>>> print(open('structure08.txt').read())   # compact mmCIF, C-alpha atoms
# COMPACT_ATOMS: atom_id res chain seq x y z
CA MET C 312 42.98 122.78 71.86
CA GLY C 313 40.64 124.45 74.31
CA LEU C 314 39.39 121.09 75.62
CA LEU C 315 42.93 119.76 76.08
CA LYS C 316 43.91 122.97 77.86
CA ARG C 317 40.96 122.67 80.25
CA LEU C 318 41.79 119.01 80.96
CA SER C 319 45.41 119.81 81.73
CA GLU C 320 44.35 122.66 84.00
CA SER C 321 41.86 120.43 85.82
CA LYS C 322 44.55 117.82 86.53
CA THR C 323 46.92 120.34 88.09
CA ALA C 324 44.25 122.27 89.99
CA VAL C 325 43.71 119.61 92.67
CA SER C 326 46.99 119.80 94.61
CA VAL C 327 45.95 121.06 98.05
CA PRO C 328 42.67 120.09 99.77
CA GLN C 329 40.30 123.05 99.92
CA THR C 330 39.34 122.17 103.50
CA TYR C 331 42.95 122.02 104.72
CA LYS C 332 44.24 124.98 106.72
CA PRO C 333 47.95 125.16 107.64
CA ASN C 334 48.99 125.83 111.23
CA PRO C 335 49.15 129.63 111.71
CA PHE C 336 51.74 129.39 114.50
CA ASN C 337 55.17 129.30 112.91
CA PHE C 338 56.91 128.55 116.21
CA LEU C 339 54.99 125.32 116.72
CA ASN C 340 55.19 124.59 112.99
CA GLY C 341 52.61 121.81 113.25
CA TYR C 342 54.79 119.27 115.07
CA VAL C 343 52.92 116.62 117.05
CA PRO C 344 54.95 114.59 119.58
CA LEU C 345 53.86 110.96 119.80
CA PHE C 346 55.13 110.39 123.34
CA ASN C 347 52.91 112.07 125.92
CA GLY C 348 51.11 111.31 129.16
CA TYR C 349 48.70 108.97 127.46
CA THR C 350 51.42 106.72 126.08
CA SER C 351 52.83 106.24 129.58
CA LEU C 352 49.32 105.65 130.90
CA TYR C 353 48.58 102.97 128.30
CA ARG C 354 51.80 101.15 129.13
CA GLU C 355 50.93 101.23 132.84
CA LEU C 356 47.44 99.90 132.06
CA ARG C 357 48.97 96.83 130.44
CA GLU C 358 51.13 96.26 133.49
CA ALA C 359 48.32 96.82 136.02
CA ILE C 360 45.56 94.83 134.28
CA PRO C 361 46.91 91.48 133.01
CA ILE C 362 43.81 90.80 130.92
CA ILE C 363 44.53 93.91 128.79
CA ASP C 364 48.08 92.75 128.15
CA ALA C 365 46.86 89.25 127.32
CA ALA C 366 44.24 90.62 124.90
CA ILE C 367 46.83 92.62 122.95
CA TYR C 368 49.17 89.65 122.66
CA LYS C 369 46.23 87.48 121.55
CA LEU C 370 45.37 89.96 118.81
CA VAL C 371 48.99 90.05 117.66
CA ARG C 372 49.31 86.26 117.51
CA LEU C 373 45.98 85.79 115.76
CA THR C 374 46.58 88.53 113.21
CA VAL C 375 50.24 88.16 112.21
CA GLY C 376 50.73 85.17 109.96
CA PHE C 377 51.39 85.59 106.25
CA ARG C 378 53.60 84.78 103.29
CA ILE C 379 54.64 86.71 100.23
CA GLU C 380 53.88 85.56 96.70
CA CYS C 381 55.24 86.98 93.45
CA THR C 382 54.42 86.34 89.81
CA ASP C 383 57.67 84.41 89.39
CA GLU C 384 58.09 81.43 91.71
CA LYS C 385 61.84 82.07 91.99
CA ASN C 386 61.19 85.58 93.25
CA THR C 387 58.70 84.18 95.75
CA GLU C 388 61.28 81.83 97.24
CA LYS C 389 63.94 84.53 97.22
CA ILE C 390 61.91 87.20 98.97
CA ASN C 391 60.46 84.85 101.59
CA SER C 392 63.92 83.53 102.37
CA PHE C 393 65.30 87.05 102.75
CA LEU C 394 62.42 88.38 104.86
CA GLY C 395 62.60 85.34 107.13
CA GLU C 396 66.22 86.11 108.03
CA ILE C 397 66.36 89.91 107.94
CA PRO C 398 67.69 91.46 111.19
CA VAL C 399 65.14 93.31 113.30
CA GLY C 400 66.76 95.54 115.88
CA SER C 401 69.76 94.07 117.67
CA ASN C 402 68.55 90.62 118.73
CA ARG C 403 65.65 89.51 116.52
CA TYR C 404 65.28 88.22 112.99
CA GLY C 405 62.46 87.96 110.47
CA ILE C 406 59.73 90.23 109.23
CA TYR C 407 57.23 88.45 111.49
CA GLU C 408 59.05 89.76 114.55
CA PHE C 409 59.04 93.25 113.10
CA ILE C 410 55.34 93.20 112.20
CA SER C 411 54.45 91.74 115.61
CA SER C 412 56.19 94.59 117.46
CA TYR C 413 54.84 97.09 114.94
CA PHE C 414 51.27 95.87 115.41
CA GLU C 415 51.63 95.77 119.20
CA GLN C 416 52.77 99.40 119.15
CA LEU C 417 49.85 100.28 116.90
CA LEU C 418 47.29 98.74 119.25
CA THR C 419 48.80 100.19 122.40
CA TYR C 420 49.47 103.76 121.26
CA GLY C 421 47.34 104.12 118.12
CA THR C 422 50.42 104.98 116.03
CA ALA C 423 53.29 102.77 114.89
CA VAL C 424 56.55 103.87 113.29
CA GLY C 425 59.20 101.68 111.72
CA GLU C 426 62.09 102.04 109.32
CA MET C 427 63.78 100.12 106.54
CA VAL C 428 67.55 100.32 107.07
CA THR C 429 69.88 100.11 104.07
CA ASP C 430 73.60 99.35 103.94
CA LYS C 431 76.32 101.38 102.24
CA ARG C 432 75.55 99.75 98.89
CA GLY C 433 71.91 100.74 99.09
CA ASN C 434 70.52 97.25 99.76
CA LEU C 435 67.84 96.55 102.33
CA ALA C 436 69.77 95.36 105.39
CA ALA C 437 67.46 95.50 108.44
CA LEU C 438 64.12 96.56 109.85
CA PHE C 439 63.82 98.82 112.88
CA ASN C 440 60.94 99.48 115.30
CA ALA C 441 61.17 103.14 116.28
CA ASP C 442 60.75 104.41 119.82
CA LEU C 443 57.86 106.89 119.92
CA ARG C 444 59.73 109.00 122.47
CA ASN C 445 62.05 110.10 119.68
CA ILE C 446 59.40 110.71 117.02
CA GLU C 447 57.25 113.69 116.09
CA LEU C 448 54.83 113.96 113.20
CA LYS C 449 54.17 116.91 110.93
CA LYS C 450 51.82 117.48 108.04
CA SER C 451 53.33 118.35 104.69
CA ASP C 452 52.67 121.73 103.13
CA ASP C 453 49.88 120.35 100.94
CA GLY C 454 48.26 118.56 103.89
CA MET C 455 48.16 115.21 102.07
CA LYS C 456 51.22 113.56 103.61
CA THR C 457 52.58 113.02 107.10
CA LEU C 458 56.28 113.62 107.69
CA VAL C 459 58.14 111.68 110.36
CA CYS C 460 60.50 113.95 112.29
CA THR C 461 63.18 113.43 114.91
CA GLY C 462 64.88 115.82 117.32
CA SER C 463 64.15 117.76 120.48
CA LEU C 464 60.71 119.18 121.14
CA GLY C 465 60.06 122.21 118.95
CA MET C 466 63.30 121.66 117.01
CA ALA C 467 62.46 118.42 115.23
CA GLU C 468 63.26 118.06 111.56
CA PRO C 469 61.87 115.60 109.00
CA VAL C 470 64.08 112.59 108.40
CA LYS C 471 65.99 112.70 105.14
CA TYR C 472 64.62 109.55 103.48
CA GLN C 473 60.88 109.55 104.11
CA ASN C 474 60.43 106.71 101.60
CA LEU C 475 62.22 104.34 104.00
CA VAL C 476 59.93 105.19 106.93
CA LEU C 477 56.87 103.09 107.78
CA LEU C 478 53.90 104.76 109.48
CA SER C 479 50.47 103.43 110.42
CA VAL C 480 47.66 104.96 112.46
CA LEU C 481 44.66 103.28 114.04
CA ASN C 482 41.23 104.91 113.69
CA PRO C 483 42.41 108.56 113.38
CA GLU C 484 39.88 111.18 114.38
CA GLY C 485 39.02 113.62 111.61
CA ASP C 486 42.08 115.42 110.27
CA SER C 487 44.36 114.17 113.07
CA ILE C 488 47.72 112.74 112.01
CA CYS C 489 47.88 110.48 115.08
CA GLY C 490 45.83 107.36 115.65
CA VAL C 491 43.65 106.36 118.57
CA SER C 492 44.80 103.65 120.94
CA LEU C 493 42.76 100.51 121.39
CA LEU C 494 42.94 101.23 125.12
CA LYS C 495 41.24 104.61 124.88
CA GLY C 496 38.37 104.76 127.35
CA LEU C 497 39.79 102.07 129.62
CA PRO C 498 41.67 104.20 132.21
CA PHE C 499 38.46 105.00 134.13
CA VAL C 500 37.22 101.40 134.07
CA SER C 501 40.68 100.09 134.92
CA GLY C 502 40.91 102.51 137.84
CA ILE C 503 37.75 101.02 139.34
CA ILE C 504 38.86 97.43 138.92
CA THR C 505 42.31 98.15 140.41
CA LYS C 506 40.56 99.64 143.45
CA ILE C 507 38.51 96.46 143.77
CA PHE C 508 41.60 94.26 143.53
CA THR C 509 43.50 96.46 146.01
CA THR C 510 40.62 96.31 148.48
CA ILE C 511 40.44 92.54 148.15
CA GLY C 512 44.12 92.28 148.99
CA GLU C 513 43.79 94.57 152.00
CA ASN C 514 40.70 92.77 153.31
CA TRP C 515 42.36 89.38 153.02
CA GLU C 516 45.45 90.73 154.71
CA ARG C 517 43.28 91.91 157.57
CA ALA C 518 40.73 89.11 157.77
CA GLY C 519 42.81 86.27 156.35
CA ASN C 520 45.53 86.68 158.96
CA VAL C 521 43.21 86.42 161.97
CA ARG C 522 43.79 88.92 164.78
CA TYR C 523 42.41 88.40 168.27
CA ALA C 524 41.19 90.70 171.00
CA VAL C 525 42.09 89.30 174.44
CA THR C 526 40.18 90.99 177.26
CA TYR C 527 40.87 90.45 180.97
CA LYS C 528 38.07 91.52 183.32
CA PRO C 529 39.12 92.00 186.98
CA GLN C 530 36.77 90.75 189.70
CA ASN C 531 35.35 92.81 192.53
CA ASP C 532 37.75 91.67 195.24
CA VAL C 533 40.54 94.01 196.37
CA MET C 534 43.48 91.73 195.44
CA ASP C 535 42.23 91.22 191.90
CA ARG C 536 41.90 94.95 191.34
CA ALA C 537 45.29 95.67 192.89
CA TYR C 538 47.16 93.32 190.60
CA ALA C 539 45.00 93.84 187.48
CA ARG C 540 47.80 95.47 185.54
CA GLU C 541 50.35 92.75 186.34
CA ARG C 542 47.90 90.01 185.46
CA ALA C 543 46.97 91.72 182.17
CA GLN C 544 50.66 91.91 181.25
CA GLN C 545 51.11 88.25 182.14
CA VAL C 546 48.10 87.28 180.01
CA ALA C 547 49.44 89.32 177.09
CA LYS C 548 52.85 87.69 177.40
CA GLU C 549 51.45 84.17 177.52
CA TRP C 550 49.09 84.88 174.62
CA GLY C 551 51.93 86.27 172.56
CA GLU C 552 54.03 83.17 173.20
CA ALA C 553 51.12 80.91 172.28
CA MET C 554 50.43 82.73 169.00
CA LYS C 555 54.05 83.29 167.99
CA ALA C 556 54.33 82.88 164.22
CA GLY C 557 56.22 79.84 163.03
CA GLY C 558 56.41 78.25 166.45
CA PRO C 559 54.85 75.03 167.66
CA VAL C 560 51.18 74.89 168.59
CA ARG C 561 50.78 75.84 172.26
CA ASP C 562 47.84 75.96 174.62
CA PHE C 563 46.91 79.17 176.39
CA VAL C 564 45.95 78.89 180.06
CA ALA C 565 44.71 81.89 182.01
CA VAL C 566 43.20 82.40 185.46
CA GLY C 567 40.29 84.75 185.87
CA ASP C 568 37.66 86.18 183.55
CA VAL C 569 39.45 86.21 180.15
CA SER C 570 37.55 86.49 176.84
CA ILE C 571 39.03 86.02 173.37
CA LYS C 572 37.38 87.18 170.15
CA ALA C 573 38.54 87.28 166.55
CA ILE C 574 38.66 90.84 165.24
CA GLY C 575 36.40 91.32 162.25
CA ALA C 576 34.72 87.91 162.58
CA ASP C 577 31.25 89.48 162.69
CA ASN C 578 31.76 91.55 159.56
CA GLN C 579 31.25 90.26 156.03
CA ILE C 580 33.52 91.18 153.13
CA LEU C 581 31.62 92.75 150.24
CA ASP C 582 31.01 90.50 147.27
CA CYS C 583 33.25 91.76 144.48
CA GLU C 584 32.34 89.25 141.78
CA VAL C 585 29.51 91.28 140.22
CA PRO C 586 31.23 94.71 140.06
CA ALA C 587 34.52 93.15 138.93
CA ARG C 588 32.73 91.30 136.13
CA LEU C 589 30.98 94.50 135.05
CA MET C 590 34.35 96.21 134.64
CA LEU C 591 35.89 93.20 132.90
CA GLU C 592 32.98 93.12 130.46
CA GLN C 593 33.80 96.68 129.44
CA ILE C 594 37.46 95.77 128.91
CA VAL C 595 36.60 92.66 126.89
CA ALA C 596 34.12 94.62 124.77
CA LYS C 597 36.79 97.22 124.00
CA THR C 598 39.41 94.68 122.95
CA GLY C 599 36.98 92.61 120.87
CA ILE C 600 38.34 89.31 122.20
CA PRO C 601 35.75 86.66 123.14
CA PRO C 602 35.86 85.93 126.89
CA PHE C 603 36.70 82.24 126.43
CA LEU C 604 39.94 83.18 124.63
CA LEU C 605 41.04 85.14 127.70
CA GLY C 606 40.36 82.33 130.14
CA LEU C 607 37.10 83.81 131.45
CA SER C 608 34.65 81.00 132.17
CA TRP C 609 31.53 83.04 131.63
CA SER C 610 28.45 81.04 130.70
CA SER C 611 27.80 81.15 126.96
CA THR C 612 26.05 78.90 124.52
CA GLU C 613 27.81 77.17 121.65
CA ARG C 614 25.96 79.41 119.22
CA MET C 615 27.12 82.52 121.05
CA SER C 616 30.75 81.38 121.02
CA SER C 617 30.54 80.79 117.28
CA GLN C 618 29.14 84.27 116.68
CA GLN C 619 31.84 85.84 118.86
CA ALA C 620 34.51 84.02 116.86
CA ASP C 621 32.99 85.32 113.61
CA LEU C 622 33.03 88.88 114.95
CA LEU C 623 36.65 88.52 116.01
CA THR C 624 37.52 87.25 112.53
CA SER C 625 36.12 90.43 110.99
CA GLU C 626 38.11 92.52 113.49
CA LEU C 627 41.33 90.72 112.60
CA GLU C 628 40.69 91.19 108.90
CA ALA C 629 40.30 94.93 109.50
CA TYR C 630 43.68 95.00 111.27
CA ARG C 631 45.23 93.10 108.40
CA ARG C 632 44.02 95.74 105.97
CA ILE C 633 46.06 98.28 107.94
CA LEU C 634 49.20 96.12 108.00
CA THR C 635 49.07 95.01 104.35
CA PRO C 636 50.39 98.31 102.86
CA VAL C 637 53.32 98.25 105.30
CA ILE C 638 54.32 94.72 104.28
CA LEU C 639 53.90 95.51 100.59
CA LYS C 640 56.09 98.61 100.94
CA ILE C 641 58.88 96.51 102.49
CA CYS C 642 58.61 93.88 99.78
CA SER C 643 58.43 96.38 96.94
CA THR C 644 61.47 98.23 98.28
CA TYR C 645 63.45 95.00 98.43
CA LEU C 646 62.52 94.04 94.87
CA LYS C 647 63.31 97.50 93.47
CA LEU C 648 66.66 97.73 95.25
CA ASN C 649 67.60 94.35 93.79
CA GLY C 650 66.45 95.25 90.28
CA ILE C 651 63.58 92.74 90.23
CA ALA C 652 60.52 93.79 88.25
CA ASP C 653 57.80 91.85 90.00
CA LYS C 654 54.67 92.61 91.98
CA PRO C 655 54.42 91.11 95.51
CA THR C 656 51.20 89.96 97.09
CA VAL C 657 50.50 89.33 100.77
CA VAL C 658 48.72 86.05 101.42
CA TRP C 659 47.44 85.94 105.00
CA ASP C 660 47.09 82.70 106.91
CA ASP C 661 43.60 81.47 107.65
CA ILE C 662 42.23 82.57 111.00
CA THR C 663 41.58 79.32 112.89
CA LEU C 664 39.29 80.02 115.82
CA GLN C 665 36.87 77.16 115.33
CA ASP C 666 37.33 73.50 116.04
CA GLU C 667 39.13 71.46 113.39
CA VAL C 668 36.11 69.17 113.23
CA GLU C 669 33.87 72.11 112.35
CA GLN C 670 36.31 73.27 109.69
CA SER C 671 36.45 69.79 108.17
CA ARG C 672 32.68 69.61 108.15
CA ALA C 673 32.50 72.99 106.43
CA ARG C 674 34.93 71.85 103.73
CA LEU C 675 32.86 68.68 103.25
CA TYR C 676 29.67 70.69 102.81
CA ASP C 677 31.42 73.01 100.38
CA ALA C 678 32.69 70.05 98.31
CA GLN C 679 29.19 68.52 98.25
CA ARG C 680 27.74 71.85 97.13
CA MET C 681 30.24 72.12 94.27
CA LYS C 682 29.53 68.53 93.24
CA ILE C 683 25.78 69.15 93.10
CA GLU C 684 26.27 72.37 91.13
CA ASN C 685 28.49 70.60 88.58
CA GLU C 686 25.91 67.83 88.19
CA LEU C 687 23.12 70.34 87.62
CA LYS C 688 25.23 72.18 85.05
CA GLY C 689 25.89 68.86 83.25
CA GLU C 690 22.20 68.02 83.14
CA ASN C 691 21.31 71.48 81.80
CA ASN C 692 23.96 71.28 79.11
CA GLY C 693 22.84 67.80 78.11
>>> encode(input="structure08.txt", output="structure tokens")
Amino acid sequence: MGLLKRLSESKTAVSVPQTYKPNPFNFLNGYVPLFNGYTSLYRELREAIPIIDAAIYKLVRLTVGFRIECTDEKNTEKINSFLGEIPVGSNRYGIYEFISSYFEQLLTYGTAVGEMVTDKRGNLAALFNADLRNIELKKSDDGMKTLVCTGSLGMAEPVKYQNLVLLSVLNPEGDSICGVSLLKGLPFVSGIITKIFTTIGENWERAGNVRYAVTYKPQNDVMDRAYARERAQQVAKEWGEAMKAGGPVRDFVAVGDVSIKAIGADNQILDCEVPARLMLEQIVAKTGIPPFLLGLSWSSTERMSSQQADLLTSELEAYRRILTPVILKICSTYLKLNGIADKPTVVWDDITLQDEVEQSRARLYDAQRMKIENELKGENNG
């Protein structure tokens, strides 16, 4: 009896982490708003730097691609048919649309929140991507769960049905309940590259649209000096007529010592290719996308491209491990609400970054390896 008593006590003793300390400020009550200055900054980064926006969409397209399998084939067909037609928001359909927006939110802000919407009969009716401006997070009393709350700042309350809420965080720091955006660390680099692009535009506006300096030098005679102002005005008028934008090409004829020079012709515009590439390399390294997938024609060997594709494959698999519990929760909820006792499994599509010829060659080598192994086993058994 004493052993059983100690075992039962040991099971109930671990309920609150010993290293967890609740928030001592009752007014704040541990609420963490998800929408802050950084979320606005990350959205502006995607708008200002097209390559960042393209990298996120590339990651979404390469990662999201899956199907659901159940033990019973009938349940597999039923659940895939339902999830392919389920409403998502007000104008989209299918779980792929939901997961794509969910994953995009996760990459951009580090935290993604969604919801499973049920109808009056309690059946799963729709999926909803939540707006982070309306969401706050709070740790539960035991510190082991995160509660999704809605309401005004400081007055938010946990939603009633937490089991219908979907929450994912990306690379949280320590005991933080919020994730870390993929774009963290890029504002400084992006600020430099936007300055470079802005300067390029200003320089081309100045030097590309050529401006001229027309100088009239009066001679030493008295008449020339007396009418210098009138002649300068006449030269300016004729030059303006000759250079009028959109008009026909005209010759400029002037009497006297008149010199014409292009403003800025002697100055050279700074070469921006090297510093711009340095900044782009930092952005590409942060996103994990190989340069050739973003349209950057940087010199790289075939071996290097293959290694970059392998690294990207491992990155995508890590993202899929974050999304898998969310998909399984949606599927399990659908099966339970419909009274189906089955266990769903997420089967992800193969990540195809290599050439089809290389994939075919790899399958050929694998088949030859299996054939040789089977032959050796037959000889050993004989």
>>> closest_atom_pairs(input="structure08.txt", of="range 360-477 of chain C", to="range 636-649 of chain C", cutoff="12 Å", atoms="all atoms listed in the file", output="JSON lines")
{"residue": "C:Val375", "atom": "CA", "partner": "C:Ile638", "partner_atom": "CA", "distance": 11.1}
{"residue": "C:Gly376", "atom": "CA", "partner": "C:Ile638", "partner_atom": "CA", "distance": 11.7}
{"residue": "C:Phe377", "atom": "CA", "partner": "C:Ile638", "partner_atom": "CA", "distance": 9.8}
{"residue": "C:Arg378", "atom": "CA", "partner": "C:Ile638", "partner_atom": "CA", "distance": 10.0}
{"residue": "C:Ile379", "atom": "CA", "partner": "C:Cys642", "partner_atom": "CA", "distance": 8.2}
{"residue": "C:Glu380", "atom": "CA", "partner": "C:Cys642", "partner_atom": "CA", "distance": 10.1}
{"residue": "C:Cys381", "atom": "CA", "partner": "C:Cys642", "partner_atom": "CA", "distance": 10.0}
{"residue": "C:Asn386", "atom": "CA", "partner": "C:Leu646", "partner_atom": "CA", "distance": 8.7}
{"residue": "C:Thr387", "atom": "CA", "partner": "C:Cys642", "partner_atom": "CA", "distance": 10.5}
{"residue": "C:Lys389", "atom": "CA", "partner": "C:Leu646", "partner_atom": "CA", "distance": 9.9}
{"residue": "C:Ile390", "atom": "CA", "partner": "C:Cys642", "partner_atom": "CA", "distance": 7.5}
{"residue": "C:Asn391", "atom": "CA", "partner": "C:Cys642", "partner_atom": "CA", "distance": 9.4}
{"residue": "C:Ser392", "atom": "CA", "partner": "C:Cys642", "partner_atom": "CA", "distance": 11.9}
{"residue": "C:Phe393", "atom": "CA", "partner": "C:Tyr645", "partner_atom": "CA", "distance": 9.2}
{"residue": "C:Leu394", "atom": "CA", "partner": "C:Cys642", "partner_atom": "CA", "distance": 8.4}
{"residue": "C:Gly395", "atom": "CA", "partner": "C:Cys642", "partner_atom": "CA", "distance": 12.0}
{"residue": "C:Ile397", "atom": "CA", "partner": "C:Tyr645", "partner_atom": "CA", "distance": 11.2}
{"residue": "C:Ile406", "atom": "CA", "partner": "C:Ile638", "partner_atom": "CA", "distance": 8.6}
{"residue": "C:Tyr407", "atom": "CA", "partner": "C:Ile638", "partner_atom": "CA", "distance": 10.0}
{"residue": "C:Phe409", "atom": "CA", "partner": "C:Ile638", "partner_atom": "CA", "distance": 10.1}
{"residue": "C:Ile410", "atom": "CA", "partner": "C:Ile638", "partner_atom": "CA", "distance": 8.1}
{"residue": "C:Ser411", "atom": "CA", "partner": "C:Ile638", "partner_atom": "CA", "distance": 11.7}
{"residue": "C:Tyr413", "atom": "CA", "partner": "C:Val637", "partner_atom": "CA", "distance": 9.8}
{"residue": "C:Phe414", "atom": "CA", "partner": "C:Val637", "partner_atom": "CA", "distance": 10.6}
{"residue": "C:Ala423", "atom": "CA", "partner": "C:Val637", "partner_atom": "CA", "distance": 10.6}
{"residue": "C:Val424", "atom": "CA", "partner": "C:Val637", "partner_atom": "CA", "distance": 10.3}
{"residue": "C:Gly425", "atom": "CA", "partner": "C:Val637", "partner_atom": "CA", "distance": 9.4}
{"residue": "C:Glu426", "atom": "CA", "partner": "C:Ile641", "partner_atom": "CA", "distance": 9.4}
{"residue": "C:Met427", "atom": "CA", "partner": "C:Ile641", "partner_atom": "CA", "distance": 7.3}
{"residue": "C:Val428", "atom": "CA", "partner": "C:Ile641", "partner_atom": "CA", "distance": 10.5}
{"residue": "C:Thr429", "atom": "CA", "partner": "C:Leu648", "partner_atom": "CA", "distance": 9.7}
{"residue": "C:Asp430", "atom": "CA", "partner": "C:Leu648", "partner_atom": "CA", "distance": 11.2}
{"residue": "C:Arg432", "atom": "CA", "partner": "C:Leu648", "partner_atom": "CA", "distance": 9.8}
{"residue": "C:Gly433", "atom": "CA", "partner": "C:Leu648", "partner_atom": "CA", "distance": 7.2}
{"residue": "C:Asn434", "atom": "CA", "partner": "C:Leu648", "partner_atom": "CA", "distance": 6.0}
{"residue": "C:Leu435", "atom": "CA", "partner": "C:Tyr645", "partner_atom": "CA", "distance": 6.1}
{"residue": "C:Ala436", "atom": "CA", "partner": "C:Tyr645", "partner_atom": "CA", "distance": 9.4}
{"residue": "C:Ala437", "atom": "CA", "partner": "C:Ile641", "partner_atom": "CA", "distance": 10.5}
{"residue": "C:Leu438", "atom": "CA", "partner": "C:Ile641", "partner_atom": "CA", "distance": 9.0}
{"residue": "C:Phe439", "atom": "CA", "partner": "C:Ile641", "partner_atom": "CA", "distance": 11.7}
{"residue": "C:Asn474", "atom": "CA", "partner": "C:Thr644", "partner_atom": "CA", "distance": 9.2}
{"residue": "C:Leu475", "atom": "CA", "partner": "C:Thr644", "partner_atom": "CA", "distance": 8.4}
{"residue": "C:Val476", "atom": "CA", "partner": "C:Lys640", "partner_atom": "CA", "distance": 9.7}
{"residue": "C:Leu477", "atom": "CA", "partner": "C:Val637", "partner_atom": "CA", "distance": 6.5}
>>> residues_near_point(input="structure08.txt", point="(41.2, 88.8, 172.6)", cutoff="8 Å", atoms="all atoms listed in the file", output="PyMOL selection string")
chain C and resi 523-526+570-573
>>> write_last_selection(input="structure08.txt", atoms="C-alpha atoms", output="compact mmCIF listing (two decimals), keeping the file's coordinate frame")
# COMPACT_ATOMS: atom_id res chain seq x y z
CA TYR C 523 42.41 88.40 168.27
CA ALA C 524 41.19 90.70 171.00
CA VAL C 525 42.09 89.30 174.44
CA THR C 526 40.18 90.99 177.26
CA SER C 570 37.55 86.49 176.84
CA ILE C 571 39.03 86.02 173.37
CA LYS C 572 37.38 87.18 170.15
CA ALA C 573 38.54 87.28 166.55
>>> atom_distance(input="structure08.txt", atom1="CA of Arg540 in chain C", atom2="CA of Tyr527 in chain C")
9.7 Å
>>> closest_residue(input="structure08.txt", among="C:Leu417, C:Ala539, C:Leu458, C:Ile662", to="Asn482 in chain C", atoms="all atoms listed in the file")
C:Leu417
>>> closest_atom_pairs(input="structure08.txt", of="range 444-549 of chain C", to="range 585-595 of chain C", cutoff="8 Å", atoms="all atoms listed in the file", output="tab-separated table")
residue	atom	partner	partner_atom	distance
C:Leu497	CA	C:Ile594	CA	6.8
C:Val500	CA	C:Met590	CA	6.0
C:Ser501	CA	C:Met590	CA	7.4
C:Ile503	CA	C:Met590	CA	7.5
C:Ile504	CA	C:Ala587	CA	6.1
C:Ile507	CA	C:Ala587	CA	7.1
>>> closest_residue(input="structure08.txt", among="C:Arg403, C:Lys528, C:Arg444, C:Arg357", to="Leu418 in chain C", atoms="all atoms listed in the file")
C:Arg357
>>> closest_residue(input="structure08.txt", among="C:Ala547, C:Asp653, C:Tyr420, C:Pro601", to="Asp621 in chain C", atoms="all atoms listed in the file")
C:Pro601
